[in-house]
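Colleague: I'd like to ask some things about the structure below.
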Amino acid sequence: MTKEETPNNYRPIPKLFFDDLTGAMMNVCISCQQNLLENQIPYFIEKAIKPHLGYKAYATVFEYAMCINCMQQHKSKISKSSLASINEYFQKHIDVSRRQYLVANELYDNLGLWMDHCVATDNHISAIGECQIYAQCLGDQLVMGECPYMISGEALDTVVNLLSAETIDGFNKLQDELVGPSEFQDLLKGGPRVLL
Ligand SMILES: [Zn+2]
């Protein structure tokens with residue numbers, strides 16, 4: 001797309017959301033393997049990281065990109081009760097007006113405003129041992145609005161505790177399917193992780 005056609009909430013994907021293994025932009029859907037940079041399909045990036053100096057120095061626990069179709073397909077497997085619990089938790093804890101303020105004032109050039117505090121607990125990245133970060137993208141652009149955001153491990157643990165055993169089982173199976181036997185497996189043993 002030409003520069004004139006780029007919506008004003010689009011920004012080049014920041015390095016934070018690059019593939020930490022290769023240092024390049026993520027380009028493949030972890031589930032259907034389609035090329036996300038060539039195909040103009042919305043996709044999501046999720047990373048679990050252990051920050052040391054905020055985002056300046058961190059260890060990556062896992063990272064992947066997934067196209068919107070696969071995301072919806074996997075989400076549809078979450079049980080209704082778990083989905084209701086997740087929604088209830090986020091409705092209670094996310095400061096929606098703050099997110100709306102960022103959009104209303106088009107504060108798209110300051111990534112810190114979007115990502116420095118846990119979206120649920122409001123804890124600052126410097127005080128967080130482990131967290132997950134999320135981005136929505138299109139091609140090489142970050143689509144800002146609902147994403148990007150950061151959620152602390154503490155908040156995720158609370159969410160996981162709200163899930164049904166069936167859903168947790170589903171997440172674990174999905175994890176096996178997507179991640180497979182790799183060095184990441186050990187890191188994932190700590191507990192189920194949520195694809196939100
Ligand atoms: Zn896909």
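In the structure tokens, the first chain shown is A, the next is B, and so on; residue numbers restart at 1 for each chain, and ligands run from 1 in the order shown.
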Would you mind listing the residues within 10 Å of ligand 1, counting only C-alpha atoms and all ligand atoms, as a PyMOL selection string?

Modeller: chain A and resi 28-36+41-44+65-73

Colleague: Taking the DSSP assignment computed from this structure's backbone, write out as a VMD selection string all residues of range 4-171 of chain A that belong to strand (DSSP E).

Modeller: chain A and resid 10 to 12 43 to 51 58 to 67 131 to 138 141 to 143 149 to 152

Colleague: What separation in Å, quoted to one decimal, exists between CA of Ala127 in chain A and CA of Gly54 in chain A?

Modeller: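 Going from CA of Ala127 in chain A over to CA of Gly54 in chain A, I get 8.4 Å.
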
Colleague: Set the distance at 10 Å and use only C-alpha atoms: which residues neighbour range 151-163 of chain A once local chain neighbours fewer than 4 positions away are removed? I'd like the list as a VMD selection string.

Modeller: chain A and resid 48 to 50 78 to 79 81 to 90 93 115 to 125 127 to 134 167 to 169 191 to 194

Colleague: For the residues in that selection, give me N, CA and C atoms as a short mmCIF file (atom, residue, chain, number, x, y, z; two decimals), in the first residue's frame.

Modeller:
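Result went into out03.cif, see below:
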data_model
loop_
_atom_site.label_atom_id
_atom_site.label_comp_id
_atom_site.auth_asym_id
_atom_site.auth_seq_id
_atom_site.Cartn_x
_atom_site.Cartn_y
_atom_site.Cartn_z
N ALA A 48 6.02 -14.39 25.06
CA ALA A 48 6.17 -14.44 26.50
C ALA A 48 7.62 -14.09 26.79
N ILE A 49 7.82 -13.11 27.63
CA ILE A 49 9.19 -12.67 27.92
C ILE A 49 9.42 -12.52 29.42
N LYS A 50 10.70 -12.59 29.78
CA LYS A 50 11.10 -12.28 31.15
C LYS A 50 11.94 -11.01 31.09
N ILE A 78 -12.43 -22.90 22.78
CA ILE A 78 -12.50 -22.58 24.21
C ILE A 78 -13.95 -22.75 24.67
N SER A 79 -14.14 -23.41 25.80
CA SER A 79 -15.50 -23.67 26.27
C SER A 79 -16.20 -22.34 26.59
N SER A 81 -18.04 -21.51 29.10
CA SER A 81 -17.89 -21.05 30.48
C SER A 81 -16.53 -20.39 30.68
N SER A 82 -15.49 -20.96 30.06
CA SER A 82 -14.17 -20.36 30.19
C SER A 82 -14.13 -19.00 29.52
N LEU A 83 -14.75 -18.93 28.35
CA LEU A 83 -14.77 -17.67 27.61
C LEU A 83 -15.48 -16.59 28.42
N ALA A 84 -16.59 -16.99 29.05
CA ALA A 84 -17.34 -16.03 29.88
C ALA A 84 -16.47 -15.57 31.05
N SER A 85 -15.73 -16.48 31.66
CA SER A 85 -14.86 -16.12 32.79
C SER A 85 -13.76 -15.16 32.34
N ILE A 86 -13.16 -15.46 31.18
CA ILE A 86 -12.09 -14.60 30.66
C ILE A 86 -12.64 -13.19 30.42
N ASN A 87 -13.80 -13.13 29.74
CA ASN A 87 -14.38 -11.82 29.43
C ASN A 87 -14.72 -11.04 30.68
N GLU A 88 -15.26 -11.76 31.66
CA GLU A 88 -15.64 -11.10 32.91
C GLU A 88 -14.41 -10.52 33.59
N TYR A 89 -13.34 -11.32 33.61
CA TYR A 89 -12.11 -10.86 34.25
C TYR A 89 -11.59 -9.58 33.59
N PHE A 90 -11.55 -9.59 32.25
CA PHE A 90 -10.99 -8.43 31.56
C PHE A 90 -11.90 -7.22 31.66
N HIS A 93 -11.08 -5.74 34.98
CA HIS A 93 -9.72 -5.27 35.27
C HIS A 93 -9.10 -4.34 34.24
N MET A 115 2.27 -0.15 26.37
CA MET A 115 2.86 -1.42 26.79
C MET A 115 3.62 -1.42 28.11
N ASP A 116 3.83 -0.26 28.72
CA ASP A 116 4.68 -0.24 29.91
C ASP A 116 3.99 -0.76 31.17
N HIS A 117 2.66 -0.71 31.16
CA HIS A 117 1.93 -1.20 32.33
C HIS A 117 1.06 -2.40 31.96
N CYS A 118 0.99 -3.35 32.89
CA CYS A 118 0.11 -4.51 32.68
C CYS A 118 -1.31 -4.02 32.49
N VAL A 119 -1.96 -4.52 31.44
CA VAL A 119 -3.30 -4.07 31.09
C VAL A 119 -4.32 -4.43 32.18
N ALA A 120 -3.99 -5.41 33.00
CA ALA A 120 -4.94 -5.84 34.04
C ALA A 120 -4.57 -5.38 35.44
N THR A 121 -3.27 -5.44 35.79
CA THR A 121 -2.88 -5.08 37.17
C THR A 121 -2.31 -3.67 37.25
N ASP A 122 -1.96 -3.09 36.11
CA ASP A 122 -1.33 -1.77 36.02
C ASP A 122 0.11 -1.76 36.55
N ASN A 123 0.66 -2.92 36.90
CA ASN A 123 2.07 -2.95 37.34
C ASN A 123 2.99 -2.56 36.19
N HIS A 124 4.06 -1.87 36.54
CA HIS A 124 5.00 -1.41 35.52
C HIS A 124 5.93 -2.54 35.11
N ILE A 125 6.34 -2.53 33.86
CA ILE A 125 7.20 -3.57 33.29
C ILE A 125 8.45 -3.81 34.15
N ALA A 127 8.68 -3.87 37.22
CA ALA A 127 8.37 -4.60 38.45
C ALA A 127 7.77 -5.97 38.14
N ILE A 128 7.93 -6.42 36.89
CA ILE A 128 7.27 -7.66 36.46
C ILE A 128 8.30 -8.72 36.10
N GLY A 129 8.13 -9.93 36.64
CA GLY A 129 9.10 -11.00 36.40
C GLY A 129 8.89 -11.68 35.06
N GLU A 130 7.61 -11.84 34.68
CA GLU A 130 7.30 -12.50 33.42
C GLU A 130 6.01 -11.90 32.87
N CYS A 131 5.94 -11.77 31.56
CA CYS A 131 4.73 -11.20 30.99
C CYS A 131 4.55 -11.69 29.56
N GLN A 132 3.39 -11.41 29.02
CA GLN A 132 3.16 -11.68 27.61
C GLN A 132 2.78 -10.38 26.93
N ILE A 133 3.25 -10.25 25.70
CA ILE A 133 2.92 -9.05 24.93
C ILE A 133 2.22 -9.47 23.64
N TYR A 134 1.31 -8.63 23.20
CA TYR A 134 0.47 -8.95 22.06
C TYR A 134 0.45 -7.79 21.08
N THR A 167 -10.76 -26.58 29.08
CA THR A 167 -10.08 -25.55 28.31
C THR A 167 -8.58 -25.63 28.50
N ILE A 168 -8.15 -25.84 29.74
CA ILE A 168 -6.71 -25.93 30.03
C ILE A 168 -6.12 -27.12 29.26
N ASP A 169 -6.86 -28.21 29.25
CA ASP A 169 -6.44 -29.39 28.49
C ASP A 169 -6.29 -29.04 27.01
N GLY A 191 3.40 -23.98 33.29
CA GLY A 191 1.95 -23.86 33.40
C GLY A 191 1.36 -23.58 32.05
N PRO A 192 0.06 -23.74 31.95
CA PRO A 192 -0.57 -23.47 30.66
C PRO A 192 -0.51 -21.99 30.36
N ARG A 193 -0.39 -21.67 29.12
CA ARG A 193 -0.39 -20.28 28.72
C ARG A 193 -1.63 -20.03 27.88
N VAL A 194 -2.09 -18.84 27.96
CA VAL A 194 -3.37 -18.53 27.33
C VAL A 194 -3.17 -17.83 26.00
#

Colleague: Pick from A:Asp19, A:Asn105, A:Ala24, A:Asn9: nearest to Cys147 in chain A, with only C-alpha atoms counted?

Modeller: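 The closest residue to Cys147 in chain A is A:Asn9.
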
Colleague: Select, from A:Leu107, A:Ala135, A:Met144, A:Leu113, the residue with the minimum atom-to-atom distance to Tyr64 in chain A, counting only C-alpha atoms.

Modeller: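 Selected residue with least distance to Tyr64 in chain A: A:Ala135.
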
Colleague: Counting only C-alpha atoms, what is within 8 Å of Pro12 in chain A, bar same-chain residues fewer than 2 positions away, as a count of residues only?

Modeller: 5

Colleague: May I ask which of the residues A:Asp95, A:Glu166, A:Glu106, A:Glu146 is the closest one to Pro7 in chain A, counting only C-alpha atoms?

Modeller: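 Smallest distance to Pro7 in chain A is found for A:Glu106.
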
Colleague: Provide the CA of Ala59 in chain A to CA of Glu177 in chain A distance in Å, to one decimal place.

Modeller: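 Atom-to-atom, CA of Ala59 in chain A and CA of Glu177 in chain A are spaced 23.2 Å apart.
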
Colleague: Residues of chain A in alpha helix (DSSP H) according to DSSP, as a ChimeraX atom specification?

Modeller: /A:68-75,80-93,96-104,111-115,153-162,165-179,184-188

Colleague: So which one's closest to Glu38 in chain A, A:Val61, A:Leu138, A:Asp176, A:Gly170? Using only C-alpha atoms, please.

Modeller: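 Checking each of A:Val61, A:Leu138, A:Asp176, A:Gly170 against Glu38 in chain A, counting only C-alpha atoms, the winner is A:Leu138.
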
Colleague: As an exercise, work out the distance from CA of Val103 in chain A to CA of Thr6 in chain A in Å and give it to one decimal place.

Modeller: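 CA of Val103 in chain A sits 16.1 Å away from CA of Thr6 in chain A.
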